[in-house]
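Dropping my_file21.cif in here (mmCIF, C-alpha atoms):
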```
data_coords
#
loop_
_atom_site.label_atom_id
_atom_site.label_comp_id
_atom_site.auth_asym_id
_atom_site.auth_seq_id
_atom_site.Cartn_x
_atom_site.Cartn_y
_atom_site.Cartn_z
CA MET A 23 96.99 109.44 83.64
CA LYS A 24 95.70 110.96 86.86
CA PHE A 25 93.11 109.70 89.32
CA CYS A 26 90.66 112.39 88.17
CA ASP A 27 90.88 110.94 84.65
CA PHE A 28 89.25 107.67 85.63
CA VAL A 29 87.94 107.67 89.20
CA CYS A 30 84.14 108.01 89.44
CA LYS A 31 83.73 110.16 92.53
CA GLU A 32 80.17 108.99 93.12
CA ALA A 33 81.33 105.40 93.47
CA ILE A 34 84.07 106.00 96.05
CA GLN A 35 83.50 103.96 99.21
CA ALA A 36 85.16 104.94 102.45
CA ASP A 37 83.94 102.08 104.53
CA LEU A 38 83.96 98.73 102.82
CA THR A 39 82.63 96.61 105.64
CA SER A 40 82.75 93.24 103.97
CA VAL A 41 85.18 90.63 105.11
CA SER A 42 84.62 88.44 102.07
CA LYS A 43 86.30 88.92 98.76
CA GLU A 44 83.05 88.85 96.83
CA THR A 45 81.11 91.67 98.40
CA PRO A 46 83.39 94.65 97.91
CA ALA A 47 83.06 94.45 94.17
CA GLY A 48 79.31 94.35 94.71
CA GLN A 49 79.52 97.46 96.82
CA ILE A 50 81.53 99.45 94.34
CA ALA A 51 80.48 98.34 90.88
CA ASP A 52 77.40 99.92 89.36
CA GLY A 53 75.59 99.73 86.04
CA ASP A 54 75.82 96.29 84.44
CA ARG A 55 76.49 94.95 87.88
CA ASP A 56 76.12 91.23 87.46
CA SER A 57 78.20 90.82 84.33
CA ILE A 58 80.90 93.17 85.58
CA ILE A 59 81.09 91.55 89.00
CA GLY A 60 81.12 88.11 87.37
CA ALA A 61 83.98 89.10 85.08
CA ILE A 62 85.95 90.63 87.95
CA MET A 63 85.53 87.50 90.05
CA LYS A 64 86.57 85.35 87.09
CA ARG A 65 89.72 87.43 86.78
CA GLU A 66 90.42 86.96 90.48
CA GLU A 67 90.24 83.20 89.99
CA LEU A 68 93.15 83.44 87.57
CA GLY A 69 95.20 84.94 90.38
CA SER A 70 94.49 87.48 93.06
CA THR A 71 94.90 91.13 92.11
CA GLY A 72 95.88 91.78 95.71
CA ILE A 73 99.34 93.01 94.78
CA GLY A 74 100.66 93.46 98.30
CA ARG A 75 101.01 96.28 100.83
CA GLY A 76 97.27 96.12 101.49
CA VAL A 77 96.37 97.03 97.91
CA ALA A 78 94.23 95.27 95.33
CA VAL A 79 93.44 96.26 91.75
CA PRO A 80 90.44 94.14 90.76
CA HIS A 81 89.69 94.78 87.09
CA THR A 82 87.93 93.70 83.96
CA LYS A 83 87.00 94.88 80.49
CA HIS A 84 83.55 95.80 79.29
CA LYS A 85 82.56 96.07 75.67
CA ARG A 86 80.17 98.99 76.09
CA LEU A 87 82.72 101.33 77.62
CA ASP A 88 84.50 103.89 75.50
CA ARG A 89 86.91 104.98 78.20
CA LEU A 90 88.48 103.50 81.28
CA VAL A 91 86.55 104.07 84.50
CA GLY A 92 87.34 103.12 88.04
CA THR A 93 86.81 103.83 91.65
CA VAL A 94 88.41 103.50 95.04
CA GLY A 95 87.28 101.59 98.09
CA VAL A 96 88.84 101.70 101.52
CA SER A 97 88.37 99.16 104.29
CA SER A 98 89.74 100.13 107.67
CA GLU A 99 89.63 96.58 109.00
CA GLY A 100 90.93 94.98 105.81
CA ILE A 101 89.50 92.32 103.52
CA ASP A 102 90.84 88.84 103.11
CA PHE A 103 91.78 88.87 99.44
CA ASP A 104 94.25 86.00 98.95
CA SER A 105 96.84 88.70 98.38
CA LEU A 106 100.26 87.83 97.02
CA ASP A 107 101.85 88.74 100.34
CA GLY A 108 99.05 87.31 102.46
CA GLU A 109 98.15 90.73 103.90
CA LYS A 110 94.55 91.86 104.17
CA VAL A 111 93.49 94.42 101.58
CA GLN A 112 92.57 97.90 102.75
CA LEU A 113 92.75 99.80 99.46
CA LEU A 114 90.84 98.63 96.40
CA PHE A 115 91.25 100.29 93.05
CA LEU A 116 88.58 98.90 90.75
CA LEU A 117 89.23 99.37 87.04
CA ILE A 118 86.92 98.67 84.13
CA SER A 119 88.43 99.20 80.69
CA PRO A 120 87.16 99.23 77.13
CA GLU A 121 88.13 96.05 75.33
CA ASP A 122 90.67 97.56 72.97
CA ARG A 123 92.70 99.94 75.15
CA PRO A 124 95.38 97.98 76.96
CA GLY A 125 97.51 101.15 77.10
CA ASP A 126 94.99 103.05 79.21
CA HIS A 127 94.79 100.18 81.67
CA LEU A 128 98.59 100.17 81.96
CA ARG A 129 98.67 103.92 82.54
CA ALA A 130 96.02 103.67 85.26
CA LEU A 131 98.04 100.91 86.94
CA GLU A 132 101.13 103.05 86.57
CA ASN A 133 99.50 105.98 88.32
CA ILE A 134 98.11 103.83 91.12
CA SER A 135 101.39 102.01 91.75
CA ARG A 136 103.47 105.18 91.51
CA GLN A 137 101.33 106.99 94.06
CA LEU A 138 101.13 104.00 96.37
CA ARG A 139 104.89 103.73 96.59
CA ASP A 140 104.62 106.83 98.73
CA ASP A 141 104.06 105.63 102.29
CA THR A 142 102.38 108.84 103.39
CA PHE A 143 99.76 108.67 100.66
CA CYS A 144 99.19 104.99 101.39
CA ARG A 145 98.80 105.58 105.12
CA PHE A 146 96.48 108.58 104.75
CA LEU A 147 94.31 106.70 102.27
CA LYS A 148 93.98 103.73 104.62
CA GLN A 149 92.92 106.10 107.39
CA ALA A 150 90.38 107.96 105.27
CA LYS A 151 87.01 108.10 107.00
CA SER A 152 84.79 109.47 104.26
CA ALA A 153 84.45 109.55 100.49
CA GLU A 154 85.31 113.26 100.70
CA ASP A 155 88.58 112.45 102.49
CA ILE A 156 89.47 109.95 99.76
CA GLN A 157 88.56 112.39 97.02
CA GLN A 158 90.73 115.04 98.66
CA LEU A 159 93.70 112.65 98.91
CA LEU A 160 93.34 111.60 95.27
CA ALA A 161 93.25 115.26 94.23
CA GLU A 162 96.39 115.96 96.26
CA ALA A 163 98.09 112.97 94.64
CA ASP A 164 97.06 114.29 91.23
CA ASN A 165 98.75 117.57 92.13
CA ASN A 166 101.95 115.70 92.93
CA GLN A 167 101.78 116.52 96.59
CA PHE A 168 103.00 113.07 97.58
CA VAL A 169 105.46 112.05 94.91
CA SER A 170 108.81 113.70 95.44
CA MET B 25 141.84 97.10 102.83
CA THR B 26 138.94 97.06 100.45
CA ALA B 27 139.28 93.67 98.85
CA GLU B 28 135.93 93.75 97.09
CA LYS B 29 134.57 90.44 96.01
CA SER B 30 134.04 90.44 92.28
CA GLU B 31 130.36 89.91 91.65
CA ARG B 32 128.81 88.29 88.65
CA SER B 33 126.50 90.40 86.57
CA ALA B 34 124.50 89.98 83.41
CA THR B 35 122.37 92.13 81.14
CA GLY B 36 119.77 91.26 78.55
CA GLU B 37 117.39 93.17 76.34
CA VAL B 38 113.93 92.03 75.33
CA THR B 39 110.73 93.39 73.79
CA VAL B 40 107.32 93.07 75.41
CA ILE B 41 105.21 91.17 72.86
CA ASN B 42 101.96 90.27 74.59
CA GLU B 43 99.02 92.44 73.59
CA GLN B 44 98.13 93.63 77.08
CA GLY B 45 101.68 94.56 78.03
CA LEU B 46 103.09 94.41 81.53
CA HIS B 47 99.81 94.50 83.48
CA ALA B 48 99.15 92.96 86.88
CA ARG B 49 99.40 89.26 85.98
CA PRO B 50 102.62 89.46 83.93
CA ALA B 51 104.11 91.77 86.55
CA HIS B 52 103.34 89.11 89.14
CA ALA B 53 104.89 86.40 86.94
CA LEU B 54 107.98 88.55 86.43
CA MET B 55 108.29 89.26 90.15
CA MET B 56 107.89 85.56 91.00
CA CYS B 57 110.50 84.58 88.43
CA ALA B 58 112.96 87.24 89.63
CA SER B 59 112.38 86.30 93.26
CA GLY B 60 113.45 82.75 92.46
CA PHE B 61 117.00 84.01 92.06
CA GLN B 62 119.38 85.20 94.67
CA SER B 63 120.68 87.99 92.41
CA ASN B 64 119.47 91.57 92.48
CA VAL B 65 117.27 92.11 89.46
CA GLU B 66 116.55 95.45 87.84
CA ILE B 67 114.24 96.14 84.94
CA VAL B 68 114.99 99.26 82.92
CA LYS B 69 112.63 101.08 80.58
CA ASP B 70 113.79 104.28 78.86
CA GLY B 71 116.39 104.82 81.54
CA GLU B 72 113.93 104.30 84.39
CA CYS B 73 115.17 101.49 86.55
CA VAL B 74 112.98 99.51 88.96
CA ASP B 75 113.32 96.54 91.31
CA GLY B 76 112.36 93.37 89.42
CA LYS B 77 111.21 91.75 92.66
CA SER B 78 108.58 94.40 93.44
CA ILE B 79 105.26 94.14 91.64
CA LEU B 80 104.33 97.70 92.59
CA SER B 81 107.56 98.98 91.04
CA LEU B 82 107.11 96.87 87.90
CA LEU B 83 103.63 98.31 87.38
CA THR B 84 105.04 101.85 87.38
CA LEU B 85 106.79 101.05 84.09
CA ALA B 86 103.49 100.82 82.18
CA ALA B 87 105.38 98.74 79.62
CA ALA B 88 103.04 98.32 76.66
CA ARG B 89 103.48 95.88 73.81
CA GLY B 90 106.54 96.83 71.78
CA THR B 91 108.44 98.31 74.75
CA ARG B 92 112.14 97.45 74.94
CA LEU B 93 113.18 96.40 78.42
CA VAL B 94 116.67 95.91 79.73
CA ILE B 95 117.11 93.22 82.37
CA ARG B 96 120.07 93.64 84.69
CA ALA B 97 121.08 91.15 87.34
CA ARG B 98 123.89 91.16 89.86
CA GLY B 99 124.77 88.15 91.96
CA ASP B 100 125.87 84.55 91.82
CA ASP B 101 123.04 83.45 89.52
CA ALA B 102 122.90 86.64 87.42
CA GLU B 103 123.18 84.90 84.03
CA GLU B 104 120.48 82.39 84.88
CA ALA B 105 118.19 85.15 86.14
CA VAL B 106 118.57 87.24 82.98
CA ALA B 107 118.06 84.18 80.77
CA ALA B 108 114.89 83.14 82.61
CA LEU B 109 113.43 86.66 82.68
CA THR B 110 114.14 87.49 79.04
CA ASP B 111 112.63 84.14 78.07
CA LEU B 112 109.49 84.80 80.12
CA ILE B 113 108.99 88.24 78.55
CA ALA B 114 109.89 87.04 75.02
CA ARG B 115 107.26 84.32 75.35
CA GLY B 116 104.65 86.96 76.15
CA PHE B 117 104.24 85.63 79.69
CA GLY B 118 102.25 82.78 78.19
CA GLU B 119 99.44 85.17 77.30
CA ASP B 120 97.86 85.68 73.84
CA GLY B 121 96.83 82.51 72.09
CA GLY B 122 96.32 81.00 75.49
CA GLY B 123 92.70 82.11 75.46
CA ALA B 124 93.46 85.19 77.54
CA SER B 125 90.63 87.23 76.02
CA ASP B 126 87.59 86.51 73.93
CA GLY B 127 88.91 88.83 71.23
CA THR B 128 85.61 90.40 70.15
CA LYS B 129 86.21 93.77 68.60
#
```

Take the structure in this file and express it as C-alpha cells.
Amino acid sequence: MKFCDFVCKEAIQADLTSVSKETPAGQIADGDRDSIIGAIMKREELGSTGIGRGVAVPHTKHKRLDRLVGTVGVSSEGIDFDSLDGEKVQLLFLLISPEDRPGDHLRALENISRQLRDDTFCRFLKQAKSAEDIQQLLAEADNNQFVS
Amino acid sequence: MTAEKSERSATGEVTVINEQGLHARPAHALMMCASGFQSNVEIVKDGECVDGKSILSLLTLAAARGTRLVIRARGDDAEEAVAALTDLIARGFGEDGGGASDGTK
C-alpha cells in the first residue's frame, strides 16, 4: 500500500501548532469529527501511538468507511505525545479504517514504518514547510526514491 | 587467536492469532517483552528478518492473523526470550475476548 492509496491530500497539515496532544487530531480530522476524535483519544488512553523517532500513528475505526483513509501532519516544534521514547512528535500519520479490514491497517502501518526507517525521508518530512512539500515527499516515497 | 565465546541461541515458531494482527499495540508489547532480555532478538516473516526490539521494524512486517513468525534469540537468556515472546504472540497479545473492539459488523 502506498501513501497515495490512503492519504487525503486536502487534509495534510504542514504546521501543526498545538503543543497539546488533543488538538492535532482536531486539526486534521474532518467529517464526523467529534466521534472520530473521541475514538482516537480513547485509543491513545490505552497507550500512546507515539512509536518513537518523533512519529505517531493515531488511529481508529469508523463504521461508515468502506476504505482506509488517512492524512499526515507535521509539527516543526514537536508535540508532547507521551511517546514510547519520550521524544516530542513531529510527524503524525492519522489513520481511520473500516471496521472489518485489519489487513489494510497493517499494510498502511507497514508502508509508514518502512518509509520512516529512511533517515532522509524522515528528516525532509520534519522540515516540510507546506502541504505541497509534504505531498511531494509522499509522492517521492511512493516512487521508491527513498527506500534503497 | 580467535577463541570465540560460544553464545547461546534459541529459535521458536509461532502463529499470530489475534484478529488485528501485529498492529501498533502488539508491536509495542513485543518490543517491550524483547527489550526485557539481554539477548539479540530477531523476528522473521517469510525470510524477512527484523529487530525484535524496534517497534518501527516490527510494524514493517505487517503480520496479519495466521502469519507464521520465527523468533530467533542470541545471548545468555536466549531460551527465556524465545519462550516469553512465543507465549506472548500465541496468547494473541491479550487481545480478542478482552473487549478490544465492540465487534459490530

Selected residue, from B:Ser78, B:Asn64, B:Ala87, B:Ala48, that lies nearest to A:Thr82 when counting only C-alpha atoms = B:Ala48

Which chain B residues are at most 8 Å from chain A (counting all atoms listed in the file), as a list of chain:residue names?
->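 The complete set of qualifying residues is B:Glu43, B:Gln44, B:Gly45, B:Leu46, B:His47, B:Ala48, B:Arg49, B:His52, B:Ile79, B:Leu80, B:Ser81, B:Leu83, B:Thr84, B:Leu85, B:Ala86, B:Ala87, B:Ala88, B:Lys129.
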
Result set of the PyMOL selection byres ((chain A and resi 33-38) around 7) on the coordinates above, as a list in words =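 Applying the expression gives Cys30, Lys31, Glu32, Thr39, Ser40, Pro46, Ile50, Thr93, Val94, Gly95, Val96, Ser97, Ser98, Ala150, Lys151, Ser152 and Ala153 of chain A.
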
Using only C-alpha atoms, which of the listed residues (A:Asp107, A:Ile118, A:Ile101, A:Leu113) sits closest to A:Arg55?
-> A:Ile118

When distances are computed from only C-alpha atoms, which of B:Val74, B:Leu109, B:Ala114, B:Val38 shows the smallest separation from B:Cys57?
->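 Among the listed residues, the smallest separation from B:Cys57 belongs to B:Leu109.
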
What gap, in Å, lies between atom CA of A:Gln167 and atom CA of A:Glu99?
->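 Computing the Euclidean distance for atom CA of A:Gln167 and atom CA of A:Glu99 yields 26.4 Å.
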
Between atom CA of B:Phe61 and atom CA of A:Glu109, distance in Å (one decimal) |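 Separation of atom CA of B:Phe61 and atom CA of A:Glu109: 23.3 Å.
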
Write out as a CSV table (one decimal) with C-alpha atoms, in the frame of the given file the residues lying within 6 Å of stretch 31-37 of chain B, counting all atoms listed in the file and excluding same-chain residues fewer than 2 positions away.
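Writing done, so here's around.csv:
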```csv
chain,number,residue,atom,x,y,z
B,93,LEU,CA,113.2,96.4,78.4
B,94,VAL,CA,116.7,95.9,79.7
B,95,ILE,CA,117.1,93.2,82.4
B,96,ARG,CA,120.1,93.6,84.7
B,97,ALA,CA,121.1,91.2,87.3
B,98,ARG,CA,123.9,91.2,89.9
B,99,GLY,CA,124.8,88.2,92.0
B,100,ASP,CA,125.9,84.6,91.8
B,102,ALA,CA,122.9,86.6,87.4
B,103,GLU,CA,123.2,84.9,84.0
```

May I have the centre and edge lengths, in Å to one decimal, of an axis-aligned box around the listed atoms of stretch 70-73 of chain B with 8 Å added to every side, as lines of an AutoDock Vina configuration file?
```
center_x = 115.1
center_y = 103.2
center_z = 82.7
size_x = 18.6
size_y = 19.3
size_z = 23.7
```

Go through A:Gly100, A:Leu147, A:Ile59, A:Pro120 and flag the residue nearest A:Leu87, using all atoms listed in the file for the distances.
->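 Looking only at the distances to A:Leu87, the closest residue turns out to be A:Pro120.
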
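The spacing separating atom CA of A:Leu117 from atom CA of A:Met23 amounts to 13.2 Å.
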
Check what the PyMOL selection byres ((chain A and resi 27) around 10) selects in the file above and give those residues as a list in words.
->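 Applied to this file, the PyMOL selection byres ((chain A and resi 27) around 10) selects Met23, Lys24, Phe25, Cys26, Phe28, Val29, Cys30, Arg89, Leu90, Val91, Gly92, Ala130 and Asp164 of chain A.
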
Tell me, as a PyMOL selection string, which residues lie within 9 Å of A:Phe168, counting only C-alpha atoms; anything in the same chain fewer than 5 positions away does not count.
-> chain A and resi 137+140-143+162-163

Fix up stretch 53-72 of chain B with N, CA and C atoms, then write it as a PDB file, in the coordinates of the input.
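Written out: out.pdb:
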```
ATOM      1  N   ALA B  53     104.062  87.501  87.462  1.00  0.00           N
ATOM      2  CA  ALA B  53     104.890  86.400  86.940  1.00  0.00           C
ATOM      3  C   ALA B  53     106.362  86.799  86.915  1.00  0.00           C
ATOM      4  N   LEU B  54     106.610  88.040  86.509  1.00  0.00           N
ATOM      5  CA  LEU B  54     107.980  88.550  86.430  1.00  0.00           C
ATOM      6  C   LEU B  54     108.597  88.617  87.830  1.00  0.00           C
ATOM      7  N   MET B  55     107.820  89.146  88.765  1.00  0.00           N
ATOM      8  CA  MET B  55     108.290  89.260  90.150  1.00  0.00           C
ATOM      9  C   MET B  55     108.586  87.878  90.734  1.00  0.00           C
ATOM     10  N   MET B  56     107.695  86.918  90.471  1.00  0.00           N
ATOM     11  CA  MET B  56     107.890  85.560  91.000  1.00  0.00           C
ATOM     12  C   MET B  56     109.161  84.941  90.412  1.00  0.00           C
ATOM     13  N   CYS B  57     109.329  85.134  89.109  1.00  0.00           N
ATOM     14  CA  CYS B  57     110.500  84.580  88.430  1.00  0.00           C
ATOM     15  C   CYS B  57     111.771  85.199  89.005  1.00  0.00           C
ATOM     16  N   ALA B  58     111.778  86.536  89.117  1.00  0.00           N
ATOM     17  CA  ALA B  58     112.960  87.240  89.630  1.00  0.00           C
ATOM     18  C   ALA B  58     113.255  86.827  91.065  1.00  0.00           C
ATOM     19  N   SER B  59     112.204  86.631  91.844  1.00  0.00           N
ATOM     20  CA  SER B  59     112.380  86.300  93.260  1.00  0.00           C
ATOM     21  C   SER B  59     112.961  84.897  93.456  1.00  0.00           C
ATOM     22  N   GLY B  60     112.890  84.090  92.391  1.00  0.00           N
ATOM     23  CA  GLY B  60     113.450  82.750  92.460  1.00  0.00           C
ATOM     24  C   GLY B  60     114.974  82.748  92.382  1.00  0.00           C
ATOM     25  N   PHE B  61     115.543  83.914  92.155  1.00  0.00           N
ATOM     26  CA  PHE B  61     117.000  84.010  92.060  1.00  0.00           C
ATOM     27  C   PHE B  61     117.543  84.830  93.215  1.00  0.00           C
ATOM     28  N   GLN B  62     118.745  84.492  93.569  1.00  0.00           N
ATOM     29  CA  GLN B  62     119.380  85.200  94.670  1.00  0.00           C
ATOM     30  C   GLN B  62     119.850  86.595  94.221  1.00  0.00           C
ATOM     31  N   SER B  63     120.137  86.734  92.932  1.00  0.00           N
ATOM     32  CA  SER B  63     120.680  87.990  92.410  1.00  0.00           C
ATOM     33  C   SER B  63     119.709  89.158  92.551  1.00  0.00           C
ATOM     34  N   ASN B  64     120.274  90.354  92.606  1.00  0.00           N
ATOM     35  CA  ASN B  64     119.470  91.570  92.480  1.00  0.00           C
ATOM     36  C   ASN B  64     119.014  91.661  91.042  1.00  0.00           C
ATOM     37  N   VAL B  65     117.770  92.007  90.831  1.00  0.00           N
ATOM     38  CA  VAL B  65     117.270  92.110  89.460  1.00  0.00           C
ATOM     39  C   VAL B  65     116.676  93.498  89.253  1.00  0.00           C
ATOM     40  N   GLU B  66     117.107  94.146  88.193  1.00  0.00           N
ATOM     41  CA  GLU B  66     116.550  95.450  87.840  1.00  0.00           C
ATOM     42  C   GLU B  66     115.980  95.396  86.435  1.00  0.00           C
ATOM     43  N   ILE B  67     114.843  96.043  86.269  1.00  0.00           N
ATOM     44  CA  ILE B  67     114.240  96.140  84.940  1.00  0.00           C
ATOM     45  C   ILE B  67     114.298  97.615  84.550  1.00  0.00           C
ATOM     46  N   VAL B  68     114.806  97.872  83.349  1.00  0.00           N
ATOM     47  CA  VAL B  68     114.990  99.260  82.920  1.00  0.00           C
ATOM     48  C   VAL B  68     114.151  99.534  81.679  1.00  0.00           C
ATOM     49  N   LYS B  69     113.389 100.631  81.753  1.00  0.00           N
ATOM     50  CA  LYS B  69     112.630 101.080  80.580  1.00  0.00           C
ATOM     51  C   LYS B  69     112.952 102.549  80.350  1.00  0.00           C
ATOM     52  N   ASP B  70     113.440 102.887  79.197  1.00  0.00           N
ATOM     53  CA  ASP B  70     113.790 104.280  78.860  1.00  0.00           C
ATOM     54  C   ASP B  70     114.596 104.941  79.976  1.00  0.00           C
ATOM     55  N   GLY B  71     115.539 104.237  80.509  1.00  0.00           N
ATOM     56  CA  GLY B  71     116.390 104.820  81.540  1.00  0.00           C
ATOM     57  C   GLY B  71     115.812 104.753  82.943  1.00  0.00           C
ATOM     58  N   GLU B  72     114.535 104.424  83.058  1.00  0.00           N
ATOM     59  CA  GLU B  72     113.930 104.300  84.390  1.00  0.00           C
ATOM     60  C   GLU B  72     114.151 102.876  84.885  1.00  0.00           C
TER      61      GLU B  72
END
```
